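Novice: The structure follows.
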There are 2 protein chains.
Amino acid sequence: MPRAGLTPSRVVDAAIELVDKHGLPALTLAAVAEHCGVAAPSLYKHVSNIADLRTLVGIRVMEEMTDSFTATVLGRSGTDAITSLMRAYRAYVTAHPARYAAVPVNPLHQQEYAASGRRMLGVMQAALRPWQLDENELIHTIRAARVIVHGFASLEAAGGFGLPHDLDETYERLIRLFLATLPPL
Amino acid sequence: MPRAGLTPSRVVDAAIELVDKHGLPALTLAAVAEHCGVAAPSLYKHVSNIADLRTLVGIRVMEEMTDSFTATVLGRSGTDAITSLMRAYRAYVTAHPARYAAVPVNPLHQQEYAASGRRMLGVMQAALRPWQLDENELIHTIRAARVIVHGFASLEAAGGFGLPHDLDETYERLIRLFLATLPPL
DNA sequence: ATCTTTAGCTATGTCCAATAGCTTTTAAGA
DNA sequence: TCTTAAAAGCTATTGGACATAGCTAAAGAT
C-alpha cells in the first residue's frame with residue numbers, strides 16, 4: 001500500500017485538470033480519486049467534502065485570475081491600466097473557460113471566498129485610483145466594470161455568442177464604452 | 001389508484017415552483033414527484049429525463065421573459081422602447097431570481113431552445129429597428145446590450161452585488177451607457 | 001360492455017457522496 | 001535502531017438521485 005502523497009493542493013490540481021478537460025459538472029470525488037490513483041474515500045483525508053473541494057477550486061481560480069490581473073496592471077496606469085485589466089479578465093476566461101464556472105458570483109458574501117474576492121477587488125480599485133472617485137462614484141464605476149467583464153466573459157465562456165467572428169471588436173467596444181464613463185484625467 | 005392528471009406542462013409548473021422556493025439545485029425528480037403527489041418513476045410518462053425537464057423549465061422561463069418584453073415594447077419606440085426592454089429584463093430576474101439560472105446562456109446553439117431564443121432576440125431586433133443599423137453594427141449592438149443586461153441580471157440574481165443600496169442607479173447608468181452608443185435618431 | 005391505451009405503481013440497478021472502522025506507512029523521538 | 005503515534009490509505013456500507021423494467025388499473029374509444 002504505497003502512499004500517493006496527496007495534499008489538499010494536489011487534490012485541487014487534479015480537480016482543476018478535470019474541470020478543464022470535462023467541464024465543471026464532471027468534478028466528482030470519484031473522478032478526482034481515480035485521477036489521483038486513490039480510492040474515493042481517501043480524499044476525505046485532504047478535503048472535507050465535495051462542497052469544500054468546489055470552494056477550494058473556486059479560490060484557486062480567483063487567485064490565479066488576480067495574479068494575472070496584478071501582473072498586467074503593474075507598470076501601467078490610467079486608461080492603459082483599465083484596458084489591460086479588462087483584457088486580462090477576458091483572456092483568463094478564454095484560456096480556461098470551464099474554470100470560470102467555478103468562480104462564485106458573490107465572493108465577498110461568502111466567508112471562504114472573502115479574502116480572494118477582496119484581493120481581486122483591490123486590483124480594480126488600484127487601477128481606478130488616479131481618478132480619485134468619491135465613494136459613491138467608485139461603487140457605481142466598479143459595478144459597471146464588473147457587469148461588463150463578467151457579462152461578456154460568462155457569455156463567451158459558455159459559448160453564448162453566435163460566431164466567434166469579431167468578438168474582439170465587440171469587447172473592445174465595451175471597453176471603450178466603459179472608459180467613456182470615466183472623467184478625463 | 002386515482003390518477004393525478006399530470007401533463008408535461010403541469011410537471012413543469014411544479015418544477016418551477018420548486019425552483020422558486022429552493023433554487024435550481026433543488027430541482028430533482030424526487031422533489032417534483034412529491035410535489036405532484038406521485039412516485040418518482042411516474043414522471044417519466046411525461047418527461048424523458050431530468051435533462052429534458054430542465055430544458056422544459058428553461059424554455060418556459062424564456063417564453064415568460066419574452067412575453068413580458070413584448071408587452072413592454074409594444075406601443076413604445078426609440079430609446080423609450082430600449083429602456084423599457086432593459087428594465088423589463090431586470091424586473092423579471094429580480095421577481096424570479098432562481099428561475100434565471102435555468103435559462104441557458106447559449107440558447108441559439110441548442111436545438112431545443114433555438115425557437116425561444118430567436119423569439120427573444122426578435123424583440124430586441126424590433127426595438128432597434130428605428131436605427132436601421134447595418135448587419136455588422138446590429139450584431140455588436142445587440143451583443144453589447146446582452147452583455148449589460150445579462151451581466152447585471154446574473155450578478156443581481158445571485159446576490160453578487162454588495163448592498164442593494166443604489167442598485168437602481170447603477171442599472172440606470174448602464175442603460176444610459178448603452179443608449180449613448182446608439183446614433184441619434 | 002369490452003378493449004386498448006396509458007398513467008400510475010413497485011422493484012431494482014447504477015452512480016455519487018459520505019461515514020465507520022481497519023491497516024499500514026511514515027516520521028519523530030527515546 | 002527501535003518504538004510508537006499520527007495520519008494516509010483501504011474496504012464495507014448507507015442513503016439519495018436517476019433511470020429502466022415490468023405490472024396493474026384507470027379512462028377513453030368502439
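Quick note on naming: the chains in the C-alpha cells go A, B, ... in the order shown, residues restart at 1 in each chain, and ligands are numbered from 1 in order of appearance.
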I want to know what sits within 7 Å of Arg99 of chain A, based on only C-alpha atoms (C1' of nucleotides), with residues of the same chain fewer than 4 positions away left out; could you give that as a ChimeraX atom specification?

Specialist: /A:19-20,61

Novice: Got a sec to pull out which chain D residues are within 8 Å of chain B, counting only C-alpha atoms (C1' of nucleotides), and send them as a PyMOL selection string?

Specialist: chain D and resi 17-18+25-26

Novice: Save the residues we just selected, N, CA, C and O atoms (P, O5', C5', C4', C3', O3' and C1' of nucleotides), as a PDB file, in the first residue's frame?

Specialist:
```
ATOM      1  P    DA D  17     -32.718  13.006  -2.972  1.00  0.00           P
ATOM      2  O5'  DA D  17     -32.352  12.807  -4.501  1.00  0.00           O
ATOM      3  C5'  DA D  17     -31.198  13.445  -5.036  1.00  0.00           C
ATOM      4  C4'  DA D  17     -30.856  12.779  -6.350  1.00  0.00           C
ATOM      5  C3'  DA D  17     -32.063  12.610  -7.267  1.00  0.00           C
ATOM      6  O3'  DA D  17     -31.921  13.418  -8.428  1.00  0.00           O
ATOM      7  C1'  DA D  17     -30.778  10.595  -7.101  1.00  0.00           C
ATOM      8  P    DC D  18     -32.985  13.335  -9.583  1.00  0.00           P
ATOM      9  O5'  DC D  18     -32.404  12.200 -10.547  1.00  0.00           O
ATOM     10  C5'  DC D  18     -31.129  12.388 -11.147  1.00  0.00           C
ATOM     11  C4'  DC D  18     -30.827  11.213 -12.062  1.00  0.00           C
ATOM     12  C3'  DC D  18     -31.866  10.975 -13.150  1.00  0.00           C
ATOM     13  O3'  DC D  18     -31.180  10.770 -14.386  1.00  0.00           O
ATOM     14  C1'  DC D  18     -31.551   8.991 -11.897  1.00  0.00           C
ATOM     15  P    DA D  25     -54.974  -4.165 -10.197  1.00  0.00           P
ATOM     16  O5'  DA D  25     -55.645  -2.750 -10.479  1.00  0.00           O
ATOM     17  C5'  DA D  25     -55.022  -1.576  -9.968  1.00  0.00           C
ATOM     18  C4'  DA D  25     -55.419  -0.385 -10.807  1.00  0.00           C
ATOM     19  C3'  DA D  25     -56.915  -0.316 -11.155  1.00  0.00           C
ATOM     20  O3'  DA D  25     -57.272   1.041 -11.206  1.00  0.00           O
ATOM     21  C1'  DA D  25     -55.699  -0.329 -13.126  1.00  0.00           C
ATOM     22  P    DA D  26     -58.705   1.502 -10.656  1.00  0.00           P
ATOM     23  O5'  DA D  26     -58.901   2.919 -11.357  1.00  0.00           O
ATOM     24  C5'  DA D  26     -57.835   3.861 -11.269  1.00  0.00           C
ATOM     25  C4'  DA D  26     -57.715   4.617 -12.564  1.00  0.00           C
ATOM     26  C3'  DA D  26     -59.023   5.197 -13.088  1.00  0.00           C
ATOM     27  O3'  DA D  26     -58.775   6.523 -13.480  1.00  0.00           O
ATOM     28  C1'  DA D  26     -57.992   3.880 -14.767  1.00  0.00           C
TER      29       DA D  26
END
```

Novice: Write out as a short mmCIF file (atom, residue, chain, number, x, y, z; two decimals) with all heavy atoms, in the first residue's frame the residues lying within 9 Å of segment 133-145 of chain A, counting only C-alpha atoms (C1' of nucleotides) and excluding same-chain residues fewer than 4 positions away.

Specialist:
```cif
data_model
loop_
_atom_site.label_atom_id
_atom_site.label_comp_id
_atom_site.auth_asym_id
_atom_site.auth_seq_id
_atom_site.Cartn_x
_atom_site.Cartn_y
_atom_site.Cartn_z
N MET A 86 -9.11 44.79 -18.11
CA MET A 86 -10.31 44.20 -18.71
C MET A 86 -9.94 43.15 -19.76
O MET A 86 -10.58 42.11 -19.86
CB MET A 86 -11.19 45.30 -19.31
CG MET A 86 -11.77 46.23 -18.24
SD MET A 86 -12.76 47.61 -18.89
CE MET A 86 -14.34 46.80 -19.16
N LEU A 121 -10.83 42.61 -5.97
CA LEU A 121 -11.41 43.95 -5.95
C LEU A 121 -10.33 45.02 -5.79
O LEU A 121 -10.37 46.09 -6.41
CB LEU A 121 -12.41 44.04 -4.80
CG LEU A 121 -13.16 45.35 -4.59
CD1 LEU A 121 -13.98 45.70 -5.82
CD2 LEU A 121 -14.04 45.28 -3.35
N MET A 124 -8.71 46.26 -8.97
CA MET A 124 -9.56 47.20 -9.72
C MET A 124 -9.54 48.57 -9.06
O MET A 124 -9.42 49.59 -9.74
CB MET A 124 -10.99 46.65 -9.78
CG MET A 124 -11.93 47.48 -10.64
SD MET A 124 -11.48 47.43 -12.40
CE MET A 124 -12.54 48.71 -13.07
N GLN A 125 -9.63 48.56 -7.74
CA GLN A 125 -9.60 49.85 -7.02
C GLN A 125 -8.28 50.57 -7.28
O GLN A 125 -8.26 51.78 -7.50
CB GLN A 125 -9.80 49.62 -5.52
CG GLN A 125 -11.25 49.35 -5.16
CD GLN A 125 -11.43 48.95 -3.71
OE1 GLN A 125 -10.53 48.36 -3.12
NE2 GLN A 125 -12.60 49.25 -3.16
N LEU A 128 -8.16 52.20 -10.56
CA LEU A 128 -9.03 53.37 -10.67
C LEU A 128 -8.54 54.55 -9.82
O LEU A 128 -9.11 55.64 -9.88
CB LEU A 128 -10.45 53.01 -10.25
CG LEU A 128 -11.27 52.22 -11.27
CD1 LEU A 128 -12.58 51.74 -10.65
CD2 LEU A 128 -11.57 53.08 -12.51
N ARG A 129 -7.49 54.31 -9.03
CA ARG A 129 -7.06 55.33 -8.08
C ARG A 129 -6.81 56.70 -8.71
O ARG A 129 -7.21 57.72 -8.14
CB ARG A 129 -5.81 54.84 -7.32
CG ARG A 129 -5.44 55.73 -6.14
CD ARG A 129 -4.40 55.06 -5.26
NE ARG A 129 -4.86 53.79 -4.73
CZ ARG A 129 -4.10 52.69 -4.66
NH1 ARG A 129 -2.87 52.70 -5.11
NH2 ARG A 129 -4.59 51.58 -4.16
N VAL A 149 -17.34 43.03 -17.70
CA VAL A 149 -16.37 41.94 -17.85
C VAL A 149 -17.02 40.59 -17.53
O VAL A 149 -16.82 39.61 -18.25
CB VAL A 149 -15.09 42.13 -17.00
CG1 VAL A 149 -14.32 43.36 -17.48
CG2 VAL A 149 -15.38 42.21 -15.52
N HIS A 150 -17.82 40.56 -16.47
CA HIS A 150 -18.46 39.28 -16.14
C HIS A 150 -19.51 38.92 -17.17
O HIS A 150 -19.62 37.75 -17.57
CB HIS A 150 -19.09 39.33 -14.75
CG HIS A 150 -20.01 38.17 -14.49
ND1 HIS A 150 -19.56 36.88 -14.31
CD2 HIS A 150 -21.37 38.09 -14.44
CE1 HIS A 150 -20.59 36.07 -14.14
NE2 HIS A 150 -21.70 36.78 -14.22
N ILE A 175 -15.06 47.96 -23.80
CA ILE A 175 -14.02 48.63 -23.02
C ILE A 175 -14.07 50.13 -23.24
O ILE A 175 -14.06 50.92 -22.29
CB ILE A 175 -12.62 48.07 -23.39
CG1 ILE A 175 -12.49 46.61 -22.95
CG2 ILE A 175 -11.53 48.93 -22.74
CD1 ILE A 175 -11.17 45.95 -23.37
N PHE A 178 -16.95 51.64 -21.46
CA PHE A 178 -16.71 51.82 -20.02
C PHE A 178 -15.78 53.01 -19.77
O PHE A 178 -16.04 53.84 -18.89
CB PHE A 178 -16.12 50.56 -19.41
CG PHE A 178 -15.70 50.75 -17.98
CD1 PHE A 178 -16.63 50.88 -16.98
CD2 PHE A 178 -14.35 50.85 -17.65
CE1 PHE A 178 -16.25 51.09 -15.66
CE2 PHE A 178 -13.96 51.06 -16.35
CZ PHE A 178 -14.91 51.18 -15.35
N THR A 181 -17.14 56.43 -19.50
CA THR A 181 -17.88 56.87 -18.32
C THR A 181 -16.96 57.51 -17.29
O THR A 181 -17.43 58.12 -16.34
CB THR A 181 -18.58 55.70 -17.62
OG1 THR A 181 -17.59 54.83 -17.07
CG2 THR A 181 -19.44 54.93 -18.60
N LEU A 182 -15.65 57.33 -17.48
CA LEU A 182 -14.71 57.90 -16.51
C LEU A 182 -14.41 59.35 -16.87
O LEU A 182 -14.25 59.68 -18.05
CB LEU A 182 -13.41 57.09 -16.52
CG LEU A 182 -13.54 55.65 -16.03
CD1 LEU A 182 -12.23 54.89 -16.27
CD2 LEU A 182 -13.89 55.64 -14.55
N ILE B 148 -24.69 43.65 -21.08
CA ILE B 148 -25.09 44.51 -19.96
C ILE B 148 -26.27 43.91 -19.20
O ILE B 148 -26.22 43.78 -17.98
CB ILE B 148 -25.41 45.93 -20.48
CG1 ILE B 148 -24.10 46.62 -20.90
CG2 ILE B 148 -26.13 46.75 -19.40
CD1 ILE B 148 -24.29 47.96 -21.59
N PHE B 152 -25.58 42.25 -15.57
CA PHE B 152 -26.19 42.82 -14.38
C PHE B 152 -27.16 41.84 -13.74
O PHE B 152 -27.13 41.60 -12.53
CB PHE B 152 -26.92 44.12 -14.73
CG PHE B 152 -27.40 44.88 -13.53
CD1 PHE B 152 -26.62 45.88 -12.97
CD2 PHE B 152 -28.61 44.57 -12.93
CE1 PHE B 152 -27.05 46.58 -11.85
CE2 PHE B 152 -29.05 45.25 -11.81
CZ PHE B 152 -28.27 46.26 -11.26
N PHE B 161 -23.97 41.55 -5.91
CA PHE B 161 -23.63 42.92 -5.52
C PHE B 161 -23.66 43.04 -4.01
O PHE B 161 -24.41 42.33 -3.34
CB PHE B 161 -24.62 43.90 -6.14
CG PHE B 161 -24.52 43.99 -7.63
CD1 PHE B 161 -25.59 43.60 -8.43
CD2 PHE B 161 -23.36 44.43 -8.24
CE1 PHE B 161 -25.51 43.68 -9.81
CE2 PHE B 161 -23.27 44.51 -9.63
CZ PHE B 161 -24.35 44.14 -10.41
N ASP B 166 -28.76 51.55 -3.92
CA ASP B 166 -28.45 52.25 -5.17
C ASP B 166 -28.29 51.36 -6.38
O ASP B 166 -27.69 51.74 -7.37
CB ASP B 166 -27.16 53.07 -5.02
CG ASP B 166 -27.47 54.51 -4.66
OD1 ASP B 166 -28.65 54.89 -4.77
OD2 ASP B 166 -26.55 55.23 -4.29
N LEU B 167 -28.80 50.13 -6.30
CA LEU B 167 -28.65 49.26 -7.46
C LEU B 167 -29.45 49.78 -8.64
O LEU B 167 -29.04 49.61 -9.80
CB LEU B 167 -29.11 47.83 -7.11
CG LEU B 167 -27.95 46.92 -6.75
CD1 LEU B 167 -28.44 45.60 -6.20
CD2 LEU B 167 -27.10 46.67 -7.98
N GLU B 169 -29.82 52.82 -9.41
CA GLU B 169 -28.98 53.86 -10.02
C GLU B 169 -27.90 53.24 -10.90
O GLU B 169 -27.64 53.69 -12.00
CB GLU B 169 -28.36 54.72 -8.90
CG GLU B 169 -27.23 55.63 -9.32
CD GLU B 169 -27.68 56.74 -10.28
OE1 GLU B 169 -28.91 56.92 -10.42
OE2 GLU B 169 -26.81 57.39 -10.89
N THR B 170 -27.27 52.17 -10.40
CA THR B 170 -26.24 51.51 -11.21
C THR B 170 -26.83 51.03 -12.53
O THR B 170 -26.23 51.23 -13.60
CB THR B 170 -25.65 50.30 -10.45
OG1 THR B 170 -25.06 50.76 -9.24
CG2 THR B 170 -24.59 49.60 -11.28
N TYR B 171 -28.01 50.44 -12.46
CA TYR B 171 -28.59 49.90 -13.69
C TYR B 171 -29.00 51.01 -14.65
O TYR B 171 -28.76 50.90 -15.86
CB TYR B 171 -29.80 49.02 -13.35
CG TYR B 171 -30.21 48.11 -14.50
CD1 TYR B 171 -29.32 47.21 -15.05
CD2 TYR B 171 -31.50 48.17 -15.02
CE1 TYR B 171 -29.70 46.38 -16.10
CE2 TYR B 171 -31.89 47.34 -16.06
CZ TYR B 171 -30.98 46.45 -16.59
OH TYR B 171 -31.36 45.63 -17.64
N ARG B 173 -27.63 53.83 -14.96
CA ARG B 173 -26.38 54.30 -15.58
C ARG B 173 -25.98 53.40 -16.74
O ARG B 173 -25.54 53.87 -17.79
CB ARG B 173 -25.24 54.29 -14.56
CG ARG B 173 -25.22 55.47 -13.63
CD ARG B 173 -24.06 55.30 -12.66
NE ARG B 173 -24.01 56.40 -11.72
CZ ARG B 173 -22.90 57.06 -11.39
NH1 ARG B 173 -21.74 56.70 -11.92
NH2 ARG B 173 -22.93 58.04 -10.53
N LEU B 174 -26.11 52.11 -16.53
CA LEU B 174 -25.73 51.18 -17.59
C LEU B 174 -26.65 51.33 -18.79
O LEU B 174 -26.22 51.23 -19.95
CB LEU B 174 -25.76 49.75 -17.06
CG LEU B 174 -24.57 49.39 -16.16
CD1 LEU B 174 -24.83 48.13 -15.35
CD2 LEU B 174 -23.30 49.21 -17.00
#
```

Novice: Hey, what's within 12 Å of DA11 of chain C if we count only C-alpha atoms (C1' of nucleotides) and toss same-chain stuff fewer than 4 positions away? As a VMD selection string, please?

Specialist: (chain B and resid 41) or (chain D and resid 20 to 23)

Novice: Please write the residues from the selection above to a file, keeping C-alpha atoms (C1' of nucleotides), as a tab-separated table (two decimals), in the first residue's frame.

Specialist:
```tsv
chain	number	residue	atom	x	y	z
B	41	PRO	CA	-40.75	6.96	-11.88
D	20	DT	C1'	-35.35	1.12	-16.58
D	21	DA	C1'	-38.32	-3.00	-16.49
D	22	DG	C1'	-42.43	-4.80	-15.99
D	23	DC	C1'	-47.02	-4.93	-13.78
```

Novice: What residues in chain C have any atom no more than 9 Å from chain B when counting only C-alpha atoms (C1' of nucleotides), and can you write them as a list of chain:residue names?

Specialist: C:DT6, C:DA7, C:DG8, C:DC9

Novice: When you draw a straight line from atom C1' of DC15 of chain C to atom CA of Ala102 of chain A, how long is it in Å?

Specialist: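 Computing it gives 22.7 Å between the two atoms.
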
Novice: Give me the residues within 9 Å of Gly23 of chain B as a ChimeraX atom specification, counting only C-alpha atoms (C1' of nucleotides) and dropping any in the same chain fewer than 2 places off.

Specialist: /B:18-21,25-27,97-99,101

Novice: Point out the residue among A:Leu85, A:Met65, A:Ala158, A:Ala91 with the least atom-to-atom distance to chain B, counting only C-alpha atoms.

Specialist: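 Checking each of A:Leu85, A:Met65, A:Ala158, A:Ala91 against chain B, counting only C-alpha atoms, the winner is A:Ala158.
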
Novice: In Å, rounded to a single decimal, give me how far atom CA of Pro130 of chain A is from atom CA of Ser77 of chain A.

Specialist: 7.7 Å

Novice: Work out how far apart atom CA of Ala33 of chain A and atom CA of Tyr100 of chain A are and give it in Å to one decimal.

Specialist: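 Computed distance, atom CA of Ala33 of chain A to atom CA of Tyr100 of chain A, equals 22.4 Å.
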
Novice: Looking at A:Val105, A:Asp80, A:Gly117, A:Glu156, which one is nearest to chain B, with distances taken over only C-alpha atoms?

Specialist: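 Of the candidates, the smallest distance to chain B is held by A:Val105.
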
Novice: For the alpha helix (DSSP H) assignment from backbone DSSP, which residues of segment 30-179 of chain B qualify? Please present them as number ranges by chain.

Specialist: B: 30-36, 50-73, 78-95, 97-100, 111-128, 135-157, 167-179
